[in-house]
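To start, the structure itself, in structure tokens.
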Amino acid sequence: MASFFPILLVAAMPLMAQHDMSNMSDMKDMKMPGMQDDKMSSMAMVERHVGRWKLMFHGLAFVTDSQQSGPLGGDKFYSTSWFMADATRSLAGGTFTVKTMFSLDPATITGRQYPELFQTGETAFGKPIDGGQHPHNFFMELALRYSHPMTDKTTWSIYVAPVGEPALGPVAYPHRVSAEELPQATLGHHLQDSTHISYDVITGSLRRGMFLVEASGFHGTEPGENRWIVGYGGINSYSARLTVSPTENWSGQFSGGYITKPEALEPGDQIRTTASVTYDRKYAHSHWASSLIWGRVHKELTGENLNGYGAESVYRFLTRNYVTGRIELVDKDELPVPGNYRIGAYTAGYTRDFYVFPRILTGVGANLTTYSLPETLHTAYGGRPVAVLMFMRFKLRDY
Ligand SMILES: [Cu+2]
């Protein structure tokens with residue numbers, strides 16, 4: 001229930017005593033690179049101070065025209081977006097954060113999906129989505145987080161969210177720096193990072209040096225088709241994640257979770273295992289970010305395993321140019337032709353920034369995706385399906 005979180009917070013209050021770290025070391029603590037709880041640190045961000053609070057804003061929006069070839073290809077004009085506003089202050093020797101994140105997807109993606117060849121997961125109008133990506137929820141995250149130093153090297157934290165992200169998987173693709181110039185979803189989304197919007201999440205974590213250990217309980221069922229509400233259900237799913245960030249530029253995570261009945265129309269639970277490595281480095285006029293991701297879903301009912309492998313990279317050069325690419329190999333068992341098939345998707349793209357608005361970085365870009373598919377699917381999809389996306393990208397910036 002959504003009501004558990006204020007109770008928990010009150011219960012945790014007496015624990016939040018002692019230790020008086022200076023404001024500065026709190027902030028330094030928060031800015032540790034590569035940490036999941038500071039996952040957007042190298043994204044464009046606007047920061048403001050109001051009294052004792054530090055406010056942080058992020059935002060990314062795409063307006064996209066998508067065209068796909070083949071008998072099952074679709075065309076559509078749509079927009080995907082998210083906006084984040086966090087407020088942080090020191091409290092009782094620790095750091096307290098109110099986290100909010102919103103998406104306008106439910107308003108800007110008509111028909112409850114946008115076409116994406118071979119994409120599956122969740123439903124639209126009561127039918128499983130086949131060849132499309134669902135919009136994200138208006139409320140992507142509403143959460144409170146409190147972290148507190150335990151010893152001089154160790155920090156604990158607790159995160160409670162009526163809607164938010166359990167400790168499972170890599171940073172979800174909409175928020176991943178390496179995916180910032182790719183408006184489309186990863187085909188591996190529901191094998192890797194689809195739990196990023198979950199209801200009734202509670203996460204405890206311990207950080208020591210380069211290591212971060214987290215454990216979560218959450219409601220495992222994917223959000224329903226009404227993307228405007230915050231749903232609820234009991235905590236019936238669990239996950240744990242180990243993140244290692246040996247340097248400022250490198251970060252890796254290994255995580256696993258037991259998810260109770262994630263898909264509305266599919267019976268059975270899932271065991272999900274994921275591992276990922278990211279490299280993110282900024283230079284004076286360039287920036288290079290890459291991710292390698294593996295996710296596996298084991299379906300308890302059928303014993304079936306689905307694997308999804310992904311590699312993606314974006315390189316910004318000469319200040320305002322970006323080249324980007326993504327390669328995916330993903331097992332799909334919900335395609336129109338019954339069976340379990342491994343699909344390959346190969347995307348290359350380019351974006352260029354134009355300085356149109358003072359605080360919004362405006363980019364114009366395009367990308368092309370080709371696919372590899374088993375011959376059994378050639379009749380349904382055509383032998384060489386292709387997807388072309390043209391888009392405008394808007395990103396909040398502070399300069
Ligand atoms: Cu998602």
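Residue names in the structure tokens use chain letters A, B, ... in the order shown, residue numbers from 1 in each chain, and ligand numbers from 1 in the order shown.
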Discussion item. Could you list, as a PyMOL selection string, all residues that come within 8 Å of ligand 1? Count only C-alpha atoms and all ligand atoms.
Written reply: chain A and resi 134-136+172-174+185+189-190+193-197
Worksheet entry | Residue contacts of segment 390-399 of chain A (12 Å, only C-alpha atoms) excluding same-chain residues fewer than 4 positions away, as a ChimeraX atom specification | /A:42-48,56-68,75-85,175,177,180-184,322,349-369
Item to complete: With a distance cut-off of 7 Å and only C-alpha atoms, select the neighbouring residues of Val201 of chain A, excluding the residue or stretch itself and same-chain residues fewer than 3 positions from it, and output the selection as an MDAnalysis selection string.
Response: chainID A and resid 160:166 198 216:219
Write a file of the just-selected residues containing N, CA and C atoms, as an mmCIF file, in the first residue's frame.
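The resulting file, result_27.cif, is reproduced below:
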```
data_model
loop_
_atom_site.group_PDB
_atom_site.id
_atom_site.type_symbol
_atom_site.label_atom_id
_atom_site.label_comp_id
_atom_site.auth_asym_id
_atom_site.auth_seq_id
_atom_site.Cartn_x
_atom_site.Cartn_y
_atom_site.Cartn_z
ATOM 1 N N VAL A 160 12.162 4.677 0.054
ATOM 2 C CA VAL A 160 10.774 4.195 0.016
ATOM 3 C C VAL A 160 10.023 4.946 -1.078
ATOM 4 N N ALA A 161 9.286 4.193 -1.872
ATOM 5 C CA ALA A 161 8.663 4.796 -3.046
ATOM 6 C C ALA A 161 7.314 4.148 -3.337
ATOM 7 N N PRO A 162 6.225 4.906 -3.275
ATOM 8 C CA PRO A 162 4.949 4.394 -3.793
ATOM 9 C C PRO A 162 5.101 3.998 -5.264
ATOM 10 N N VAL A 163 5.940 4.770 -5.980
ATOM 11 C CA VAL A 163 6.312 4.358 -7.338
ATOM 12 C C VAL A 163 7.781 4.731 -7.528
ATOM 13 N N GLY A 164 8.550 3.784 -7.991
ATOM 14 C CA GLY A 164 9.986 4.032 -8.136
ATOM 15 C C GLY A 164 10.708 2.798 -8.625
ATOM 16 N N GLU A 165 12.006 2.778 -8.361
ATOM 17 C CA GLU A 165 12.857 1.775 -8.986
ATOM 18 C C GLU A 165 13.494 0.852 -7.951
ATOM 19 N N PRO A 166 13.177 -0.443 -8.002
ATOM 20 C CA PRO A 166 13.877 -1.372 -7.109
ATOM 21 C C PRO A 166 15.306 -1.622 -7.598
ATOM 22 N N SER A 198 8.115 0.625 -10.713
ATOM 23 C CA SER A 198 7.419 -0.391 -9.925
ATOM 24 C C SER A 198 6.694 0.304 -8.785
ATOM 25 N N SER A 216 15.919 -4.944 -2.252
ATOM 26 C CA SER A 216 14.606 -4.309 -2.425
ATOM 27 C C SER A 216 13.470 -5.294 -2.255
ATOM 28 N N GLY A 217 12.338 -4.773 -1.777
ATOM 29 C CA GLY A 217 11.065 -5.452 -1.882
ATOM 30 C C GLY A 217 10.157 -4.549 -2.696
ATOM 31 N N PHE A 218 9.304 -5.121 -3.540
ATOM 32 C CA PHE A 218 8.429 -4.284 -4.375
ATOM 33 C C PHE A 218 7.257 -5.104 -4.894
ATOM 34 N N HIS A 219 6.303 -4.410 -5.491
ATOM 35 C CA HIS A 219 5.182 -5.080 -6.137
ATOM 36 C C HIS A 219 5.595 -5.371 -7.580
#
```
Item to complete: Write out as an MDAnalysis selection string each polymer residue whose atoms come within 9 Å of segment 250-267 of chain A, counting only C-alpha atoms; drop sequence neighbours fewer than 2 positions from it.
Response: chainID A and resid 33:35 121:123 126:128 167:170 195 216 218:224 236:248 269:281 301
Mind writing the picked residues with N, CA and C atoms as a short mmCIF file (atom, residue, chain, number, x, y, z; two decimals), in the first residue's frame?
```
data_model
loop_
_atom_site.label_atom_id
_atom_site.label_comp_id
_atom_site.auth_asym_id
_atom_site.auth_seq_id
_atom_site.Cartn_x
_atom_site.Cartn_y
_atom_site.Cartn_z
N PRO A 33 30.79 9.19 -8.19
CA PRO A 33 30.45 8.85 -9.57
C PRO A 33 29.96 7.42 -9.71
N GLY A 34 29.16 7.23 -10.72
CA GLY A 34 28.80 5.89 -11.14
C GLY A 34 27.81 5.18 -10.23
N MET A 35 27.40 5.81 -9.15
CA MET A 35 26.48 5.15 -8.23
C MET A 35 25.07 5.17 -8.80
N GLY A 121 5.99 -6.74 -24.72
CA GLY A 121 5.93 -6.43 -23.29
C GLY A 121 4.77 -5.54 -22.94
N GLU A 122 4.01 -5.92 -21.91
CA GLU A 122 2.82 -5.23 -21.43
C GLU A 122 1.70 -5.28 -22.48
N THR A 123 0.64 -4.52 -22.24
CA THR A 123 -0.55 -4.64 -23.08
C THR A 123 -1.06 -3.28 -23.56
N GLY A 126 -5.97 -4.32 -23.69
CA GLY A 126 -6.19 -5.70 -23.26
C GLY A 126 -5.46 -6.77 -24.05
N LYS A 127 -4.74 -6.34 -25.09
CA LYS A 127 -4.01 -7.33 -25.89
C LYS A 127 -2.51 -7.15 -25.69
N PRO A 128 -1.74 -8.25 -25.67
CA PRO A 128 -0.29 -8.10 -25.51
C PRO A 128 0.29 -7.26 -26.64
N ALA A 167 16.11 -2.22 -6.73
CA ALA A 167 17.52 -2.49 -7.07
C ALA A 167 17.59 -3.72 -7.97
N LEU A 168 17.32 -3.50 -9.24
CA LEU A 168 17.35 -4.60 -10.19
C LEU A 168 17.66 -4.04 -11.58
N GLY A 169 18.73 -4.53 -12.16
CA GLY A 169 19.04 -4.14 -13.53
C GLY A 169 19.97 -2.95 -13.62
N PRO A 170 20.37 -2.63 -14.85
CA PRO A 170 21.18 -1.43 -15.09
C PRO A 170 20.31 -0.19 -15.00
N THR A 195 11.75 -3.11 -14.71
CA THR A 195 11.19 -2.87 -13.37
C THR A 195 11.40 -1.43 -12.90
N SER A 216 15.92 -4.94 -2.25
CA SER A 216 14.61 -4.31 -2.42
C SER A 216 13.47 -5.29 -2.25
N PHE A 218 9.30 -5.12 -3.54
CA PHE A 218 8.43 -4.28 -4.38
C PHE A 218 7.26 -5.10 -4.89
N HIS A 219 6.30 -4.41 -5.49
CA HIS A 219 5.18 -5.08 -6.14
C HIS A 219 5.60 -5.37 -7.58
N GLY A 220 5.57 -6.65 -7.95
CA GLY A 220 6.22 -7.04 -9.20
C GLY A 220 5.40 -6.87 -10.46
N THR A 221 4.10 -6.66 -10.35
CA THR A 221 3.27 -6.57 -11.55
C THR A 221 3.53 -5.26 -12.27
N GLU A 222 3.73 -5.36 -13.57
CA GLU A 222 3.97 -4.16 -14.38
C GLU A 222 2.78 -3.20 -14.25
N PRO A 223 3.01 -1.89 -14.36
CA PRO A 223 1.89 -0.94 -14.30
C PRO A 223 0.83 -1.29 -15.33
N GLY A 224 -0.41 -1.04 -14.99
CA GLY A 224 -1.51 -1.31 -15.92
C GLY A 224 -1.54 -0.30 -17.05
N ASN A 236 5.55 -8.29 -3.20
CA ASN A 236 5.57 -9.72 -3.50
C ASN A 236 6.79 -10.11 -4.32
N SER A 237 7.70 -9.17 -4.50
CA SER A 237 8.87 -9.43 -5.34
C SER A 237 10.11 -8.86 -4.65
N TYR A 238 11.25 -9.47 -4.92
CA TYR A 238 12.46 -9.11 -4.19
C TYR A 238 13.64 -9.06 -5.13
N SER A 239 14.58 -8.21 -4.82
CA SER A 239 15.78 -8.14 -5.67
C SER A 239 16.98 -7.68 -4.85
N ALA A 240 18.15 -7.94 -5.38
CA ALA A 240 19.39 -7.48 -4.75
C ALA A 240 20.38 -7.11 -5.84
N ARG A 241 21.22 -6.14 -5.55
CA ARG A 241 22.16 -5.67 -6.56
C ARG A 241 23.48 -5.29 -5.91
N LEU A 242 24.55 -5.70 -6.57
CA LEU A 242 25.89 -5.27 -6.16
C LEU A 242 26.44 -4.36 -7.25
N THR A 243 26.82 -3.16 -6.88
CA THR A 243 27.42 -2.22 -7.83
C THR A 243 28.85 -1.95 -7.42
N VAL A 244 29.75 -2.01 -8.38
CA VAL A 244 31.16 -1.75 -8.11
C VAL A 244 31.61 -0.62 -9.03
N SER A 245 32.14 0.42 -8.44
CA SER A 245 32.59 1.59 -9.21
C SER A 245 34.05 1.87 -8.88
N PRO A 246 34.95 1.12 -9.49
CA PRO A 246 36.37 1.22 -9.12
C PRO A 246 37.01 2.56 -9.45
N THR A 247 36.56 3.21 -10.52
CA THR A 247 37.09 4.53 -10.85
C THR A 247 35.93 5.45 -11.16
N GLU A 248 36.25 6.71 -11.38
CA GLU A 248 35.24 7.69 -11.71
C GLU A 248 34.50 7.33 -13.01
N ASP A 269 5.65 -16.57 -12.58
CA ASP A 269 6.63 -15.62 -12.05
C ASP A 269 7.94 -15.70 -12.84
N GLN A 270 8.79 -14.73 -12.60
CA GLN A 270 10.07 -14.67 -13.31
C GLN A 270 11.23 -14.56 -12.34
N ILE A 271 12.33 -15.19 -12.71
CA ILE A 271 13.59 -14.91 -12.03
C ILE A 271 14.43 -14.14 -13.04
N ARG A 272 14.83 -12.95 -12.67
CA ARG A 272 15.60 -12.12 -13.59
C ARG A 272 17.02 -11.95 -13.08
N THR A 273 17.98 -12.09 -13.98
CA THR A 273 19.38 -11.89 -13.63
C THR A 273 19.96 -10.90 -14.61
N THR A 274 20.69 -9.93 -14.13
CA THR A 274 21.28 -8.96 -15.06
C THR A 274 22.71 -8.62 -14.63
N ALA A 275 23.50 -8.26 -15.60
CA ALA A 275 24.84 -7.75 -15.34
C ALA A 275 25.12 -6.65 -16.35
N SER A 276 25.84 -5.63 -15.95
CA SER A 276 26.16 -4.57 -16.90
C SER A 276 27.42 -3.83 -16.49
N VAL A 277 28.06 -3.25 -17.48
CA VAL A 277 29.26 -2.45 -17.26
C VAL A 277 29.09 -1.15 -18.03
N THR A 278 29.41 -0.04 -17.40
CA THR A 278 29.34 1.23 -18.12
C THR A 278 30.67 1.98 -18.02
N TYR A 279 30.96 2.69 -19.08
CA TYR A 279 32.12 3.56 -19.11
C TYR A 279 31.65 4.93 -19.55
N ASP A 280 32.02 5.94 -18.80
CA ASP A 280 31.49 7.27 -19.05
C ASP A 280 32.60 8.28 -18.81
N ARG A 281 33.00 8.98 -19.85
CA ARG A 281 34.11 9.90 -19.68
C ARG A 281 33.88 11.20 -20.42
N LEU A 301 7.06 -20.96 -14.81
CA LEU A 301 6.00 -21.88 -15.22
C LEU A 301 6.45 -22.83 -16.31
#
```
Item to complete: Mind checking which residues fall within 6 Å of Ser178 of chain A, counting only C-alpha atoms, ignoring those fewer than 4 positions away in the same chain, and posting them as a PyMOL selection string?
Response: chain A and resi 289-290+313-314
Deliver the residues from the most recent selection as a file, using N, CA and C atoms, as a PDB file, in the first residue's frame.
```pdb
ATOM      1  N   ALA A 289      30.229   7.776 -23.719  1.00  0.00           N
ATOM      2  CA  ALA A 289      29.547   6.915 -22.749  1.00  0.00           C
ATOM      3  C   ALA A 289      29.120   5.617 -23.430  1.00  0.00           C
ATOM      4  N   SER A 290      29.401   4.496 -22.768  1.00  0.00           N
ATOM      5  CA  SER A 290      29.089   3.192 -23.353  1.00  0.00           C
ATOM      6  C   SER A 290      28.545   2.258 -22.282  1.00  0.00           C
ATOM      7  N   SER A 313      26.589   2.898 -27.383  1.00  0.00           N
ATOM      8  CA  SER A 313      27.614   3.898 -27.153  1.00  0.00           C
ATOM      9  C   SER A 313      27.199   5.216 -27.783  1.00  0.00           C
ATOM     10  N   VAL A 314      27.588   6.302 -27.148  1.00  0.00           N
ATOM     11  CA  VAL A 314      27.397   7.619 -27.766  1.00  0.00           C
ATOM     12  C   VAL A 314      28.688   8.401 -27.589  1.00  0.00           C
TER      13      VAL A 314
END
```
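Relative to atom CA of Arg320 of chain A, atom CA of Ser286 of chain A is found at 8.5 Å.
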Worksheet item: Which of segment 210-309 of chain A counts as strand (DSSP E or B) under DSSP, as a PyMOL selection string please?
Response: chain A and resi 211-219+237-244+250-259+270-282+287-299+305-309
Saved selection, atoms kept: C-alpha atoms, as a CSV table (one decimal), in the first residue's frame:
```csv
chain,number,residue,atom,x,y,z
A,211,PHE,CA,31.0,-1.1,-3.3
A,212,LEU,CA,27.3,-0.6,-3.1
A,213,VAL,CA,25.0,-3.4,-1.9
A,214,GLU,CA,21.2,-2.9,-2.2
A,215,ALA,CA,18.2,-5.1,-1.4
A,216,SER,CA,14.6,-4.3,-2.4
A,217,GLY,CA,11.1,-5.5,-1.9
A,218,PHE,CA,8.4,-4.3,-4.4
A,219,HIS,CA,5.2,-5.1,-6.1
A,237,SER,CA,8.9,-9.4,-5.3
A,238,TYR,CA,12.5,-9.1,-4.2
A,239,SER,CA,15.8,-8.1,-5.7
A,240,ALA,CA,19.4,-7.5,-4.8
A,241,ARG,CA,22.2,-5.7,-6.6
A,242,LEU,CA,25.9,-5.3,-6.2
A,243,THR,CA,27.4,-2.2,-7.8
A,244,VAL,CA,31.2,-1.7,-8.1
A,250,TRP,CA,33.8,2.7,-14.7
A,251,SER,CA,30.9,1.1,-13.0
A,252,GLY,CA,29.5,-2.4,-13.1
A,253,GLN,CA,26.5,-4.1,-11.5
A,254,PHE,CA,25.2,-7.6,-11.0
A,255,SER,CA,21.7,-8.1,-9.8
A,256,GLY,CA,18.9,-10.7,-9.5
A,257,GLY,CA,15.3,-10.6,-8.6
A,258,TYR,CA,12.2,-12.8,-8.1
A,259,ILE,CA,9.3,-11.0,-9.8
A,270,GLN,CA,10.1,-14.7,-13.3
A,271,ILE,CA,13.6,-14.9,-12.0
A,272,ARG,CA,15.6,-12.1,-13.6
A,273,THR,CA,19.4,-11.9,-13.6
A,274,THR,CA,21.3,-9.0,-15.1
A,275,ALA,CA,24.8,-7.7,-15.3
A,276,SER,CA,26.2,-4.6,-16.9
A,277,VAL,CA,29.3,-2.4,-17.3
A,278,THR,CA,29.3,1.2,-18.1
A,279,TYR,CA,32.1,3.6,-19.1
A,280,ASP,CA,31.5,7.3,-19.1
A,281,ARG,CA,34.1,9.9,-19.7
A,282,LYS,CA,33.9,13.6,-20.3
A,287,HIS,CA,32.0,13.0,-24.1
A,288,TRP,CA,32.0,9.2,-24.5
A,289,ALA,CA,29.5,6.9,-22.7
A,290,SER,CA,29.1,3.2,-23.4
A,291,SER,CA,27.2,0.3,-21.8
A,292,LEU,CA,27.3,-3.5,-22.1
A,293,ILE,CA,24.2,-5.1,-20.7
A,294,TRP,CA,23.0,-8.7,-20.2
A,295,GLY,CA,19.7,-9.6,-18.8
A,296,ARG,CA,18.0,-13.0,-18.5
A,297,VAL,CA,14.5,-13.9,-17.6
A,298,HIS,CA,13.7,-17.4,-16.4
A,299,LYS,CA,10.0,-18.2,-16.6
A,305,ASN,CA,15.0,-18.8,-20.5
A,306,LEU,CA,15.1,-15.6,-22.5
A,307,ASN,CA,18.4,-13.7,-22.9
A,308,GLY,CA,19.0,-10.2,-24.0
A,309,TYR,CA,22.4,-8.8,-24.8
```
List the spatial neighbours of Ala87 of chain A as a tab-separated table (two decimals) with C-alpha atoms, in the first residue's frame - criterion: any atom at most 6 Å away, only C-alpha atoms, same-chain residues fewer than 6 positions off excluded.
```tsv
chain	number	residue	atom	x	y	z
A	54	LYS	CA	19.54	21.74	-3.10
A	55	LEU	CA	17.18	21.33	-6.03
A	97	THR	CA	16.15	13.48	-0.66
A	98	VAL	CA	12.69	13.87	-2.09
```
